[in-house]
Each structure stands twice: as structure tokens, then as C-alpha cells.
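The file my_file.cif contains mmCIF, C-alpha atoms:
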data_my_file
#
loop_
_atom_site.group_PDB
_atom_site.id
_atom_site.type_symbol
_atom_site.label_atom_id
_atom_site.label_comp_id
_atom_site.auth_asym_id
_atom_site.auth_seq_id
_atom_site.Cartn_x
_atom_site.Cartn_y
_atom_site.Cartn_z
ATOM 1 C CA MET A 1 35.461 -90.682 68.083
ATOM 2 C CA ARG A 2 34.219 -89.783 64.596
ATOM 3 C CA PHE A 3 36.315 -89.873 61.448
ATOM 4 C CA GLY A 4 36.116 -87.501 58.533
ATOM 5 C CA ILE A 5 37.783 -86.345 55.371
ATOM 6 C CA VAL A 6 39.224 -82.986 54.331
ATOM 7 C CA LEU A 7 39.637 -82.262 50.628
ATOM 8 C CA PHE A 8 42.019 -79.431 49.734
ATOM 9 C CA THR A 9 39.857 -78.454 46.772
ATOM 10 C CA SER A 10 41.297 -77.203 43.509
ATOM 11 C CA ASP A 11 40.418 -76.894 39.845
ATOM 12 C CA ARG A 12 42.059 -80.269 39.211
ATOM 13 C CA GLY A 13 41.734 -83.728 40.715
ATOM 14 C CA ILE A 14 38.550 -85.131 42.190
ATOM 15 C CA ALA A 15 35.496 -82.871 42.385
ATOM 16 C CA PRO A 16 34.062 -82.137 45.858
ATOM 17 C CA ALA A 17 30.756 -83.883 45.113
ATOM 18 C CA ALA A 18 32.504 -87.084 44.043
ATOM 19 C CA ALA A 19 34.825 -86.975 47.051
ATOM 20 C CA ALA A 20 31.980 -86.425 49.511
ATOM 21 C CA ARG A 21 29.962 -89.251 47.998
ATOM 22 C CA ALA A 22 32.956 -91.586 48.165
ATOM 23 C CA ALA A 23 33.612 -90.589 51.789
ATOM 24 C CA GLU A 24 30.000 -91.284 52.718
ATOM 25 C CA ASP A 25 30.053 -94.605 50.866
ATOM 26 C CA ASN A 26 33.058 -95.641 52.953
ATOM 27 C CA GLY A 27 31.467 -94.790 56.287
ATOM 28 C CA PHE A 28 33.103 -91.452 57.092
ATOM 29 C CA SER A 29 31.135 -88.990 59.210
ATOM 30 C CA SER A 30 32.219 -85.618 57.855
ATOM 31 C CA PHE A 31 33.531 -83.851 54.775
ATOM 32 C CA TYR A 32 35.562 -80.636 55.096
ATOM 33 C CA VAL A 33 36.874 -78.130 52.528
ATOM 34 C CA PRO A 34 39.081 -75.012 52.927
ATOM 35 C CA GLU A 35 38.891 -71.427 51.670
ATOM 36 C CA HIS A 36 41.090 -68.754 50.148
ATOM 37 C CA THR A 37 39.503 -66.134 47.916
ATOM 38 C CA HIS A 38 42.893 -65.299 46.375
ATOM 39 C CA ILE A 39 46.582 -65.188 47.287
ATOM 40 C CA PRO A 40 48.346 -61.855 46.784
ATOM 41 C CA VAL A 41 51.549 -62.457 44.845
ATOM 42 C CA LYS A 42 53.449 -59.878 46.857
ATOM 43 C CA ARG A 43 52.823 -60.157 50.565
ATOM 44 C CA GLU A 44 54.417 -59.775 53.966
ATOM 45 C CA ALA A 45 52.471 -62.518 55.748
ATOM 46 C CA ALA A 46 54.465 -65.692 56.365
ATOM 47 C CA HIS A 47 52.800 -69.069 56.047
ATOM 48 C CA PRO A 48 52.649 -70.848 59.449
ATOM 49 C CA GLN A 49 54.289 -73.999 58.067
ATOM 50 C CA THR A 50 57.026 -72.538 55.867
ATOM 51 C CA GLY A 51 57.806 -69.488 58.005
ATOM 52 C CA ASP A 52 58.130 -67.252 54.943
ATOM 53 C CA SER A 53 56.157 -66.140 51.897
ATOM 54 C CA SER A 54 56.478 -69.507 50.142
ATOM 55 C CA LEU A 55 53.431 -71.786 50.087
ATOM 56 C CA PRO A 56 53.575 -75.503 50.985
ATOM 57 C CA ASP A 57 51.014 -76.358 48.301
ATOM 58 C CA ASP A 58 50.010 -74.567 45.114
ATOM 59 C CA ARG A 59 46.371 -75.436 45.820
ATOM 60 C CA TYR A 60 46.293 -72.377 48.101
ATOM 61 C CA MET A 61 45.920 -70.286 44.952
ATOM 62 C CA ARG A 62 43.516 -72.748 43.303
ATOM 63 C CA THR A 63 40.897 -73.436 46.006
ATOM 64 C CA LEU A 64 37.271 -73.652 45.002
ATOM 65 C CA ASP A 65 34.594 -71.634 46.757
ATOM 66 C CA PRO A 66 33.740 -73.681 49.875
ATOM 67 C CA TRP A 67 29.999 -73.061 49.898
ATOM 68 C CA VAL A 68 29.580 -73.891 46.222
ATOM 69 C CA SER A 69 31.689 -77.013 46.808
ATOM 70 C CA LEU A 70 29.605 -78.105 49.788
ATOM 71 C CA ALA A 71 26.350 -77.395 47.945
ATOM 72 C CA THR A 72 27.392 -79.805 45.198
ATOM 73 C CA ALA A 73 28.321 -82.336 47.881
ATOM 74 C CA ALA A 74 24.962 -81.907 49.617
ATOM 75 C CA ALA A 75 23.136 -82.771 46.408
ATOM 76 C CA VAL A 76 24.718 -86.229 46.125
ATOM 77 C CA THR A 77 24.910 -87.272 49.803
ATOM 78 C CA GLU A 78 22.381 -87.982 52.530
ATOM 79 C CA ARG A 79 24.011 -88.035 55.945
ATOM 80 C CA ILE A 80 27.612 -86.797 55.890
ATOM 81 C CA GLU A 81 28.389 -83.579 57.759
ATOM 82 C CA LEU A 82 29.312 -80.665 55.463
ATOM 83 C CA ALA A 83 31.982 -78.463 56.982
ATOM 84 C CA THR A 84 34.889 -76.086 56.374
ATOM 85 C CA ALA A 85 38.503 -76.384 57.538
ATOM 86 C CA VAL A 86 38.710 -73.565 57.431
ATOM 87 C CA ALA A 87 36.541 -70.841 55.950
ATOM 88 C CA LEU A 88 37.340 -67.152 56.276
ATOM 89 C CA PRO A 89 34.036 -65.438 57.149
ATOM 90 C CA VAL A 90 35.599 -61.984 57.462
ATOM 91 C CA GLU A 91 36.323 -62.012 53.721
ATOM 92 C CA HIS A 92 32.576 -61.847 53.026
ATOM 93 C CA ASP A 93 29.604 -59.654 53.767
ATOM 94 C CA PRO A 94 28.186 -61.204 56.961
ATOM 95 C CA ILE A 95 24.545 -60.733 55.971
ATOM 96 C CA THR A 96 24.904 -62.516 52.649
ATOM 97 C CA LEU A 97 27.200 -65.178 54.158
ATOM 98 C CA ALA A 98 24.603 -65.881 56.857
ATOM 99 C CA LYS A 99 22.038 -66.374 54.083
ATOM 100 C CA THR A 100 24.355 -68.706 52.144
ATOM 101 C CA ILE A 101 25.130 -70.886 55.154
ATOM 102 C CA ALA A 102 21.520 -70.957 56.353
ATOM 103 C CA SER A 103 20.324 -71.922 52.871
ATOM 104 C CA LEU A 104 22.815 -74.790 52.656
ATOM 105 C CA ASP A 105 21.897 -76.017 56.134
ATOM 106 C CA HIS A 106 18.187 -75.821 55.301
ATOM 107 C CA LEU A 107 18.551 -77.647 51.990
ATOM 108 C CA SER A 108 20.901 -80.315 53.389
ATOM 109 C CA GLY A 109 18.721 -81.137 56.381
ATOM 110 C CA GLY A 110 20.880 -79.509 59.055
ATOM 111 C CA ARG A 111 24.263 -80.940 58.089
ATOM 112 C CA VAL A 112 26.426 -77.793 58.070
ATOM 113 C CA THR A 113 29.278 -76.912 60.440
ATOM 114 C CA LEU A 114 31.268 -73.697 60.082
ATOM 115 C CA GLY A 115 34.973 -74.206 60.707
ATOM 116 C CA ALA A 116 36.426 -70.700 60.721
ATOM 117 C CA GLY A 117 39.915 -69.248 60.847
ATOM 118 C CA PHE A 118 41.249 -65.878 61.930
ATOM 119 C CA GLY A 119 43.312 -65.735 58.725
ATOM 120 C CA TRP A 120 47.093 -66.195 58.673
ATOM 121 C CA ASN A 121 47.343 -64.323 55.360
ATOM 122 C CA THR A 122 46.914 -60.753 56.558
ATOM 123 C CA ASP A 123 47.635 -59.445 53.053
ATOM 124 C CA GLU A 124 44.639 -61.409 51.789
ATOM 125 C CA LEU A 125 42.541 -59.972 54.617
ATOM 126 C CA ALA A 126 43.727 -56.450 53.807
ATOM 127 C CA ASP A 127 42.381 -56.779 50.264
ATOM 128 C CA HIS A 128 38.997 -57.395 51.878
ATOM 129 C CA GLY A 129 39.332 -54.323 54.083
ATOM 130 C CA VAL A 130 40.088 -56.262 57.281
ATOM 131 C CA PRO A 131 42.917 -54.854 59.435
ATOM 132 C CA GLY A 132 45.246 -57.676 60.442
ATOM 133 C CA ASN A 133 45.378 -56.497 64.042
ATOM 134 C CA LYS A 134 41.558 -56.546 64.271
ATOM 135 C CA ARG A 135 40.850 -59.897 62.632
ATOM 136 C CA ARG A 136 39.710 -61.582 65.845
ATOM 137 C CA THR A 137 37.390 -58.703 66.669
ATOM 138 C CA VAL A 138 35.958 -58.716 63.142
ATOM 139 C CA LEU A 139 35.368 -62.477 63.275
ATOM 140 C CA ARG A 140 33.660 -62.202 66.648
ATOM 141 C CA GLU A 141 31.298 -59.516 65.353
ATOM 142 C CA TYR A 142 30.579 -61.443 62.149
ATOM 143 C CA LEU A 143 29.712 -64.572 64.106
ATOM 144 C CA GLU A 144 27.495 -62.637 66.511
ATOM 145 C CA ALA A 145 25.711 -60.911 63.627
ATOM 146 C CA MET A 146 25.198 -64.138 61.682
ATOM 147 C CA ARG A 147 23.909 -65.925 64.760
ATOM 148 C CA ALA A 148 21.401 -63.129 65.291
ATOM 149 C CA LEU A 149 20.160 -63.554 61.715
ATOM 150 C CA TRP A 150 19.940 -67.320 62.174
ATOM 151 C CA ARG A 151 18.245 -67.224 65.553
ATOM 152 C CA GLU A 152 15.934 -64.218 65.680
ATOM 153 C CA ASP A 153 12.757 -63.490 63.720
ATOM 154 C CA GLU A 154 13.713 -59.802 63.688
ATOM 155 C CA ALA A 155 17.475 -59.536 63.919
ATOM 156 C CA SER A 156 19.689 -56.500 64.372
ATOM 157 C CA TYR A 157 23.325 -55.873 65.211
ATOM 158 C CA ASP A 158 25.351 -52.816 66.176
ATOM 159 C CA GLY A 159 29.113 -53.327 66.202
ATOM 160 C CA ASP A 160 32.217 -51.566 64.970
ATOM 161 C CA PHE A 161 32.449 -53.654 61.789
ATOM 162 C CA VAL A 162 28.852 -54.851 61.331
ATOM 163 C CA LYS A 163 25.710 -52.746 61.649
ATOM 164 C CA PHE A 164 22.140 -53.382 60.547
ATOM 165 C CA GLY A 165 18.720 -52.534 61.910
ATOM 166 C CA PRO A 166 15.778 -54.843 62.603
ATOM 167 C CA SER A 167 15.591 -57.242 59.655
ATOM 168 C CA TRP A 168 13.861 -60.386 58.445
ATOM 169 C CA ALA A 169 16.013 -63.163 57.045
ATOM 170 C CA TRP A 170 14.875 -66.665 56.138
ATOM 171 C CA PRO A 171 15.552 -69.532 55.785
ATOM 172 C CA LYS A 172 16.840 -70.241 59.243
ATOM 173 C CA PRO A 173 19.243 -73.112 59.854
ATOM 174 C CA VAL A 174 17.434 -76.265 60.937
ATOM 175 C CA ASP A 175 18.404 -75.735 64.591
ATOM 176 C CA ARG A 176 18.415 -71.928 64.277
ATOM 177 C CA THR A 177 22.157 -72.037 64.690
ATOM 178 C CA VAL A 178 25.198 -73.591 63.027
ATOM 179 C CA PRO A 179 28.050 -75.099 65.076
ATOM 180 C CA VAL A 180 31.226 -73.008 64.892
ATOM 181 C CA LEU A 181 34.702 -74.496 65.217
ATOM 182 C CA ILE A 182 37.883 -72.421 65.218
ATOM 183 C CA GLY A 183 40.912 -73.644 63.314
ATOM 184 C CA ALA A 184 44.039 -72.118 64.844
ATOM 185 C CA ALA A 185 47.103 -73.062 66.854
ATOM 186 C CA GLY A 186 46.088 -74.245 70.319
ATOM 187 C CA THR A 187 47.498 -71.337 72.291
ATOM 188 C CA GLU A 188 46.085 -70.081 75.569
ATOM 189 C CA ARG A 189 44.680 -67.040 73.760
ATOM 190 C CA THR A 190 42.973 -69.176 71.132
ATOM 191 C CA CYS A 191 41.521 -71.531 73.739
ATOM 192 C CA ALA A 192 40.060 -68.610 75.673
ATOM 193 C CA TRP A 193 38.561 -67.185 72.464
ATOM 194 C CA ILE A 194 36.974 -70.532 71.575
ATOM 195 C CA ALA A 195 35.504 -70.927 75.050
ATOM 196 C CA LYS A 196 33.822 -67.511 74.761
ATOM 197 C CA HIS A 197 32.730 -67.464 71.131
ATOM 198 C CA ALA A 198 32.747 -70.922 69.504
ATOM 199 C CA ASP A 199 31.768 -74.556 69.960
ATOM 200 C CA GLY A 200 35.087 -76.265 69.445
ATOM 201 C CA TRP A 201 38.604 -76.387 68.022
ATOM 202 C CA ILE A 202 40.220 -77.647 64.813
ATOM 203 C CA THR A 203 43.939 -78.298 65.138
ATOM 204 C CA THR A 204 46.423 -76.987 62.601
ATOM 205 C CA PRO A 205 48.558 -79.261 60.385
ATOM 206 C CA GLY A 206 51.447 -80.768 62.332
ATOM 207 C CA GLU A 207 49.894 -80.328 65.789
ATOM 208 C CA ASN A 208 50.161 -83.922 66.974
ATOM 209 C CA ASP A 209 51.149 -83.411 70.605
ATOM 210 C CA ILE A 210 47.997 -81.596 71.653
ATOM 211 C CA SER A 211 47.504 -82.842 75.208
ATOM 212 C CA GLY A 212 48.662 -79.528 76.696
ATOM 213 C CA SER A 213 46.377 -77.508 74.433
ATOM 214 C CA LEU A 214 43.447 -79.786 75.230
ATOM 215 C CA ALA A 215 43.983 -79.251 78.944
ATOM 216 C CA THR A 216 44.144 -75.492 78.368
ATOM 217 C CA LEU A 217 40.946 -75.574 76.319
ATOM 218 C CA LYS A 218 39.084 -77.609 78.935
ATOM 219 C CA LYS A 219 40.105 -75.149 81.654
ATOM 220 C CA ALA A 220 39.084 -72.162 79.526
ATOM 221 C CA TRP A 221 35.773 -73.883 78.774
ATOM 222 C CA ALA A 222 35.062 -74.427 82.459
ATOM 223 C CA ASP A 223 36.203 -70.910 83.395
ATOM 224 C CA ALA A 224 33.774 -69.495 80.803
ATOM 225 C CA GLY A 225 30.926 -71.411 82.428
ATOM 226 C CA ARG A 226 30.251 -73.553 79.370
ATOM 227 C CA ASP A 227 28.298 -76.774 79.783
ATOM 228 C CA GLY A 228 29.540 -80.094 78.468
ATOM 229 C CA ALA A 229 32.806 -80.244 76.569
ATOM 230 C CA PRO A 230 34.118 -78.567 73.407
ATOM 231 C CA ARG A 231 34.214 -80.452 70.157
ATOM 232 C CA VAL A 232 37.818 -81.124 69.132
ATOM 233 C CA VAL A 233 38.700 -81.969 65.522
ATOM 234 C CA ALA A 234 42.268 -83.204 65.054
ATOM 235 C CA LEU A 235 44.025 -83.267 61.691
ATOM 236 C CA ASP A 236 45.936 -86.512 61.206
ATOM 237 C CA PHE A 237 48.328 -87.816 58.545
ATOM 238 C CA LYS A 238 47.783 -91.556 58.822
ATOM 239 C CA PRO A 239 46.066 -93.757 61.407
ATOM 240 C CA ASP A 240 48.102 -94.791 64.422
ATOM 241 C CA ALA A 241 46.262 -96.842 67.032
ATOM 242 C CA GLU A 242 48.287 -95.562 69.997
ATOM 243 C CA ARG A 243 47.885 -91.899 68.998
ATOM 244 C CA LEU A 244 44.158 -92.288 68.328
ATOM 245 C CA ALA A 245 43.638 -93.928 71.713
ATOM 246 C CA SER A 246 45.566 -91.121 73.407
ATOM 247 C CA TRP A 247 43.581 -88.469 71.591
ATOM 248 C CA ALA A 248 40.291 -90.120 72.476
ATOM 249 C CA ALA A 249 41.273 -90.250 76.152
ATOM 250 C CA ASP A 250 42.211 -86.556 76.058
ATOM 251 C CA GLY A 251 38.876 -85.494 74.565
ATOM 252 C CA VAL A 252 39.349 -85.457 70.792
ATOM 253 C CA THR A 253 35.925 -86.031 69.237
ATOM 254 C CA ASP A 254 36.804 -86.129 65.532
ATOM 255 C CA VAL A 255 39.839 -86.996 63.400
ATOM 256 C CA LEU A 256 40.279 -85.810 59.796
ATOM 257 C CA TYR A 257 42.381 -87.311 57.028
ATOM 258 C CA GLY A 258 43.352 -85.479 53.845
ATOM 259 C CA LEU A 259 42.792 -86.753 50.334
ATOM 260 C CA PRO A 260 45.410 -86.959 47.582
ATOM 261 C CA ASP A 261 45.151 -84.506 44.683
ATOM 262 C CA LYS A 262 44.148 -87.286 42.292
ATOM 263 C CA GLY A 263 41.273 -88.459 40.127
ATOM 264 C CA GLU A 264 38.137 -90.171 41.409
ATOM 265 C CA ALA A 265 39.315 -93.768 40.950
ATOM 266 C CA GLU A 266 42.533 -93.201 42.908
ATOM 267 C CA VAL A 267 40.766 -91.261 45.651
ATOM 268 C CA ARG A 268 38.113 -93.946 46.045
ATOM 269 C CA ALA A 269 40.842 -96.589 46.349
ATOM 270 C CA TYR A 270 42.597 -94.459 48.989
ATOM 271 C CA LEU A 271 39.371 -94.052 50.975
ATOM 272 C CA GLU A 272 38.705 -97.777 50.891
ATOM 273 C CA ARG A 273 42.206 -98.483 52.252
ATOM 274 C CA LEU A 274 41.864 -95.801 54.929
ATOM 275 C CA ALA A 275 38.454 -97.053 56.043
ATOM 276 C CA GLY A 276 39.861 -100.573 56.199
ATOM 277 C CA LYS A 277 42.700 -99.484 58.477
ATOM 278 C CA LEU A 278 40.304 -97.678 60.793
ATOM 279 C CA ARG A 279 37.966 -100.661 60.918
ATOM 280 C CA SER A 280 40.879 -102.891 61.813
ATOM 281 C CA MET A 281 41.485 -100.622 64.794
ATOM 282 C CA ASN A 282 37.792 -100.887 65.740
ATOM 283 C CA SER A 283 37.507 -97.151 65.174
ATOM 284 C CA ILE A 284 34.851 -97.117 62.487
ATOM 285 C CA THR A 285 32.199 -99.704 61.749
ATOM 286 C CA GLU A 286 31.019 -101.061 58.426
ATOM 287 C CA THR A 287 27.908 -98.892 58.633
ATOM 288 C CA GLY A 288 29.812 -95.691 59.304
ATOM 289 C CA GLU A 289 28.613 -95.459 62.919
ATOM 290 C CA ASP A 290 31.049 -94.699 65.694
ATOM 291 C CA SER A 291 32.159 -97.600 67.844
#
Could you show the structure in this file as C-alpha cells?
Amino acid sequence: MRFGIVLFTSDRGIAPAAAARAAEDNGFSSFYVPEHTHIPVKREAAHPQTGDSSLPDDRYMRTLDPWVSLATAAAVTERIELATAVALPVEHDPITLAKTIASLDHLSGGRVTLGAGFGWNTDELADHGVPGNKRRTVLREYLEAMRALWREDEASYDGDFVKFGPSWAWPKPVDRTVPVLIGAAGTERTCAWIAKHADGWITTPGENDISGSLATLKKAWADAGRDGAPRVVALDFKPDAERLASWAADGVTDVLYGLPDKGEAEVRAYLERLAGKLRSMNSITETGEDS
């Protein structure tokens, strides 16, 4: 099982580059950042955690651009995975987003993973011209179109929300693809969607009892004829040896821990303590390799 860090970026506290460098220095395998382009003040969409229009954290309205953040992180790190938890691809033009992601993957030596969400904030999506009841369809088409641009020398796509004729687009990602993880509640519908269109699942905050969802995902994966097993990234609050062992047995491949909204010195101290706890559980080695 690999261990990573998620930084809820904002225009205060530690910068993404400093956080990623500190995470790599302490042996963590991955570095994730989120995305919101904006938060409409007046909206009907309820936040999944609060159940109403209130936000659990004011950083929702202060998030930095994820791809700029990860580019700065790429420049000061060598091995750590650069990922999103989660990005909102449907709030972008898919052709230019494919170029952005491919460029980052090319320049970072193939370290990019796209963690994508359907978008709980349908009012935010509406401002980008995405109908809330079509967000899964739009995301599917965007992913298919971007994969075509990444994979094919002459790419084209003809969908309801994305259309372009034969086109050249370089650079390509190092492996001519980028892994895609879906961050959403582990419902049967979500598991089926992941099995058809993605490479794995990112849990949502507070989903600790995920054994049922993991079983559902494995069945959906097999029913879709997929080889191997899906990647499963679980969000955790603090290390617990019994829970980590249970997750590992159930097929969790990665565990993420959030960083405090503090300055670099405090965040580095937190990462050192966290890495120490994980090492004491024989979960992460001094060199950052998985045990």
C-alpha cells in the first residue's frame, strides 16, 4: 500500500511546491491537489458533507489552479506522483486541457494522474455550460476525447458535447495515456461507471467503512471484463494500524492524508510526525518505498 498527501490548496499557508518537496523528502509516494474554478455565492447545490449550501472549509472559494500548482511541484521534485483529488475536467475545454495535462506529464517524466470528479456543485457546472443532469455523460466524452488526443497521431472525436476532426496534438503523455481515477461516493452506479471508463476510485471524505463499496467495485470490474484490479485511493484522517490492515486486505492500494493550512515549517513538522507513525506500523520505509 502506498501513502500520499493531499493539499487543499489556497492563497495562504504552504505553497504547493514546498508541500510536494516536503512530502517527497519524507518518503511519500504521491501529492494530490483539488479544483474549484469558483463558488457561486447563490446556489441550490448542497455540499455532500454539510447537506446544505454552507461550505465545510472556506478554501473551497480559495483553491489554486491544480495544473499550475502541480507544475510548480514538478519543478522541485523528482519522483513523487502528481495528481488531483479531484479535478473537474468538464469545466475546461477538453482539447486545451488534454494539452495541459500531456505537457505536464511530458515535462515531469510521466508522473501525472488525473483524479476527476463529476462535480457536486451543479451551480458551478452550470456557469461552465454543463447541465447538471448530463455531467457524467460530459465527463465520459471529455475523457474519451482527451485519450484520443493523447494516444493517436491523428485524433478525432464526434460526441454530443465534444467534436473535432482529424488533428495533430503533441506532446503525448509518456505512456500515451494518463491514469484516471474517479472521486465520488462508492455507490453501485459509480462503481459501474469506473469499471467502464476509468482506472480506479478515490473515496470521499468520511467514507471509512468501504468494504461493501470495494466488493461492488471488484464485481463491476470483473463484469466489465477488465484485467487486473482497480486502483483504490482512500482518504484517511490519521493512521490506524487495524484500519490500514483491513483496507489493504480489501484491495486499497493508496492512502492519502491531508495537510494543515499552515506555513512550511509547521507542515514539514507534521509530515515528519506522520511519516514516523507510518514507519512504526511498517507501512512506509525510510527510503519511501512500499513495504
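Residues matched by the PyMOL selection byres ((chain A and resi 65-78) around 7) in this file: Pro16, Ala17, Ala20, Arg21, Val33, Pro34, Glu35, Thr63, Leu64, Arg79, Ile80, Leu82, Leu104 and Ser108 of chain A.
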Worksheet item: Do you know which residues the PyMOL selection byres ((chain A and resi 54) around 12) returns on this file, as a PyMOL selection string?
Response: chain A and resi 39-53+55-58+60-61+121
Practice prompt. Show which residues sit within 9 Å of Asp236 in chain A, as JSON, numbers by chain. Count only C-alpha atoms, and ignore same-chain residues fewer than 2 positions away.
Written response: {"A": [205, 206, 207, 208, 234, 238, 239, 255, 256, 257, 258]}
Would you write out, as a PDB file with C-alpha atoms, in the coordinates of the input, every residue that the PyMOL selection byres ((chain A and resi 220) around 12) captures in this file?
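out_34.pdb was written with the following content:
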ATOM      1  CA  GLY A 186      46.088 -74.245  70.319  1.00  0.00           C
ATOM      2  CA  THR A 187      47.498 -71.337  72.291  1.00  0.00           C
ATOM      3  CA  GLU A 188      46.085 -70.081  75.569  1.00  0.00           C
ATOM      4  CA  ARG A 189      44.680 -67.040  73.760  1.00  0.00           C
ATOM      5  CA  THR A 190      42.973 -69.176  71.132  1.00  0.00           C
ATOM      6  CA  CYS A 191      41.521 -71.531  73.739  1.00  0.00           C
ATOM      7  CA  ALA A 192      40.060 -68.610  75.673  1.00  0.00           C
ATOM      8  CA  TRP A 193      38.561 -67.185  72.464  1.00  0.00           C
ATOM      9  CA  ILE A 194      36.974 -70.532  71.575  1.00  0.00           C
ATOM     10  CA  ALA A 195      35.504 -70.927  75.050  1.00  0.00           C
ATOM     11  CA  LYS A 196      33.822 -67.511  74.761  1.00  0.00           C
ATOM     12  CA  HIS A 197      32.730 -67.464  71.131  1.00  0.00           C
ATOM     13  CA  ALA A 198      32.747 -70.922  69.504  1.00  0.00           C
ATOM     14  CA  GLY A 200      35.087 -76.265  69.445  1.00  0.00           C
ATOM     15  CA  SER A 213      46.377 -77.508  74.433  1.00  0.00           C
ATOM     16  CA  LEU A 214      43.447 -79.786  75.230  1.00  0.00           C
ATOM     17  CA  ALA A 215      43.983 -79.251  78.944  1.00  0.00           C
ATOM     18  CA  THR A 216      44.144 -75.492  78.368  1.00  0.00           C
ATOM     19  CA  LEU A 217      40.946 -75.574  76.319  1.00  0.00           C
ATOM     20  CA  LYS A 218      39.084 -77.609  78.935  1.00  0.00           C
ATOM     21  CA  LYS A 219      40.105 -75.149  81.654  1.00  0.00           C
ATOM     22  CA  TRP A 221      35.773 -73.883  78.774  1.00  0.00           C
ATOM     23  CA  ALA A 222      35.062 -74.427  82.459  1.00  0.00           C
ATOM     24  CA  ASP A 223      36.203 -70.910  83.395  1.00  0.00           C
ATOM     25  CA  ALA A 224      33.774 -69.495  80.803  1.00  0.00           C
ATOM     26  CA  GLY A 225      30.926 -71.411  82.428  1.00  0.00           C
ATOM     27  CA  ARG A 226      30.251 -73.553  79.370  1.00  0.00           C
ATOM     28  CA  ASP A 227      28.298 -76.774  79.783  1.00  0.00           C
ATOM     29  CA  ALA A 229      32.806 -80.244  76.569  1.00  0.00           C
ATOM     30  CA  PRO A 230      34.118 -78.567  73.407  1.00  0.00           C
TER      31      PRO A 230
END
Practice prompt. Rank nothing, just name the residue among A:Ala155, A:Leu149, A:Ala126, A:Val86 nearest to Ile202 in chain A, using only C-alpha atoms.
Written response: A:Val86
Worksheet item: Which one is closest to Ser246 in chain A: A:Thr37, A:Ser211, A:His92, A:Ala269? Count only C-alpha atoms.
Response: A:Ser211
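If you measure from each of A:Gly276, A:Gly165, A:Gly263, A:Gly115 to Val232 in chain A using all atoms listed in the file, the closest one turns out to be A:Gly115.
The space between CA of Ala241 in chain A and CA of Phe8 in chain A spans 24.9 Å.
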Item to complete: Rank A:Val138, A:Ala19, A:Ala169, A:Ile182 by their smallest atom-to-atom distance to Asp153 in chain A, using only C-alpha atoms, and report the top residue only.
Response: A:Ala169
Worksheet item: Near Pro260 in chain A, counting all atoms listed in the file, which residues have an atom at most 9 Å away, once you skip same-chain residues fewer than 2 positions from it, shown as a PyMOL selection string?
Response: chain A and resi 7-8+13-14+258+262-263+266-267+270
Please check which residues have atoms at most 9 Å from (36.0, -86.7, 65.9) in the file's coordinates, counting all atoms listed in the file, and write them as an mmCIF file with C-alpha atoms, keeping the file's coordinate frame.
data_model
loop_
_atom_site.group_PDB
_atom_site.id
_atom_site.type_symbol
_atom_site.label_atom_id
_atom_site.label_comp_id
_atom_site.auth_asym_id
_atom_site.auth_seq_id
_atom_site.Cartn_x
_atom_site.Cartn_y
_atom_site.Cartn_z
ATOM 1 C CA MET A 1 35.461 -90.682 68.083
ATOM 2 C CA ARG A 2 34.219 -89.783 64.596
ATOM 3 C CA PHE A 3 36.315 -89.873 61.448
ATOM 4 C CA GLY A 4 36.116 -87.501 58.533
ATOM 5 C CA SER A 29 31.135 -88.990 59.210
ATOM 6 C CA SER A 30 32.219 -85.618 57.855
ATOM 7 C CA ARG A 231 34.214 -80.452 70.157
ATOM 8 C CA VAL A 232 37.818 -81.124 69.132
ATOM 9 C CA VAL A 233 38.700 -81.969 65.522
ATOM 10 C CA ALA A 234 42.268 -83.204 65.054
ATOM 11 C CA ALA A 248 40.291 -90.120 72.476
ATOM 12 C CA VAL A 252 39.349 -85.457 70.792
ATOM 13 C CA THR A 253 35.925 -86.031 69.237
ATOM 14 C CA ASP A 254 36.804 -86.129 65.532
ATOM 15 C CA VAL A 255 39.839 -86.996 63.400
ATOM 16 C CA LEU A 256 40.279 -85.810 59.796
#
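Picture a line from CA of Leu143 in chain A to CA of Gly110 in chain A; it runs 18.1 Å.
The gap separating CA of Ala148 in chain A from CA of Ala83 in chain A is 20.4 Å, in Å to one decimal.
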List as a PDB file with C-alpha atoms, in the coordinates of the input the residues having at least one atom at most 12 Å from position (22.0, -72.2, 66.6) as given in the file, counting all atoms listed in the file.
ATOM      1  CA  ALA A  98      24.603 -65.881  56.857  1.00  0.00           C
ATOM      2  CA  ILE A 101      25.130 -70.886  55.154  1.00  0.00           C
ATOM      3  CA  ALA A 102      21.520 -70.957  56.353  1.00  0.00           C
ATOM      4  CA  ASP A 105      21.897 -76.017  56.134  1.00  0.00           C
ATOM      5  CA  GLY A 110      20.880 -79.509  59.055  1.00  0.00           C
ATOM      6  CA  VAL A 112      26.426 -77.793  58.070  1.00  0.00           C
ATOM      7  CA  THR A 113      29.278 -76.912  60.440  1.00  0.00           C
ATOM      8  CA  LEU A 114      31.268 -73.697  60.082  1.00  0.00           C
ATOM      9  CA  LEU A 143      29.712 -64.572  64.106  1.00  0.00           C
ATOM     10  CA  GLU A 144      27.495 -62.637  66.511  1.00  0.00           C
ATOM     11  CA  MET A 146      25.198 -64.138  61.682  1.00  0.00           C
ATOM     12  CA  ARG A 147      23.909 -65.925  64.760  1.00  0.00           C
ATOM     13  CA  ALA A 148      21.401 -63.129  65.291  1.00  0.00           C
ATOM     14  CA  LEU A 149      20.160 -63.554  61.715  1.00  0.00           C
ATOM     15  CA  TRP A 150      19.940 -67.320  62.174  1.00  0.00           C
ATOM     16  CA  ARG A 151      18.245 -67.224  65.553  1.00  0.00           C
ATOM     17  CA  GLU A 152      15.934 -64.218  65.680  1.00  0.00           C
ATOM     18  CA  LYS A 172      16.840 -70.241  59.243  1.00  0.00           C
ATOM     19  CA  PRO A 173      19.243 -73.112  59.854  1.00  0.00           C
ATOM     20  CA  VAL A 174      17.434 -76.265  60.937  1.00  0.00           C
ATOM     21  CA  ASP A 175      18.404 -75.735  64.591  1.00  0.00           C
ATOM     22  CA  ARG A 176      18.415 -71.928  64.277  1.00  0.00           C
ATOM     23  CA  THR A 177      22.157 -72.037  64.690  1.00  0.00           C
ATOM     24  CA  VAL A 178      25.198 -73.591  63.027  1.00  0.00           C
ATOM     25  CA  PRO A 179      28.050 -75.099  65.076  1.00  0.00           C
ATOM     26  CA  VAL A 180      31.226 -73.008  64.892  1.00  0.00           C
ATOM     27  CA  ALA A 198      32.747 -70.922  69.504  1.00  0.00           C
ATOM     28  CA  ASP A 199      31.768 -74.556  69.960  1.00  0.00           C
TER      29      ASP A 199
END
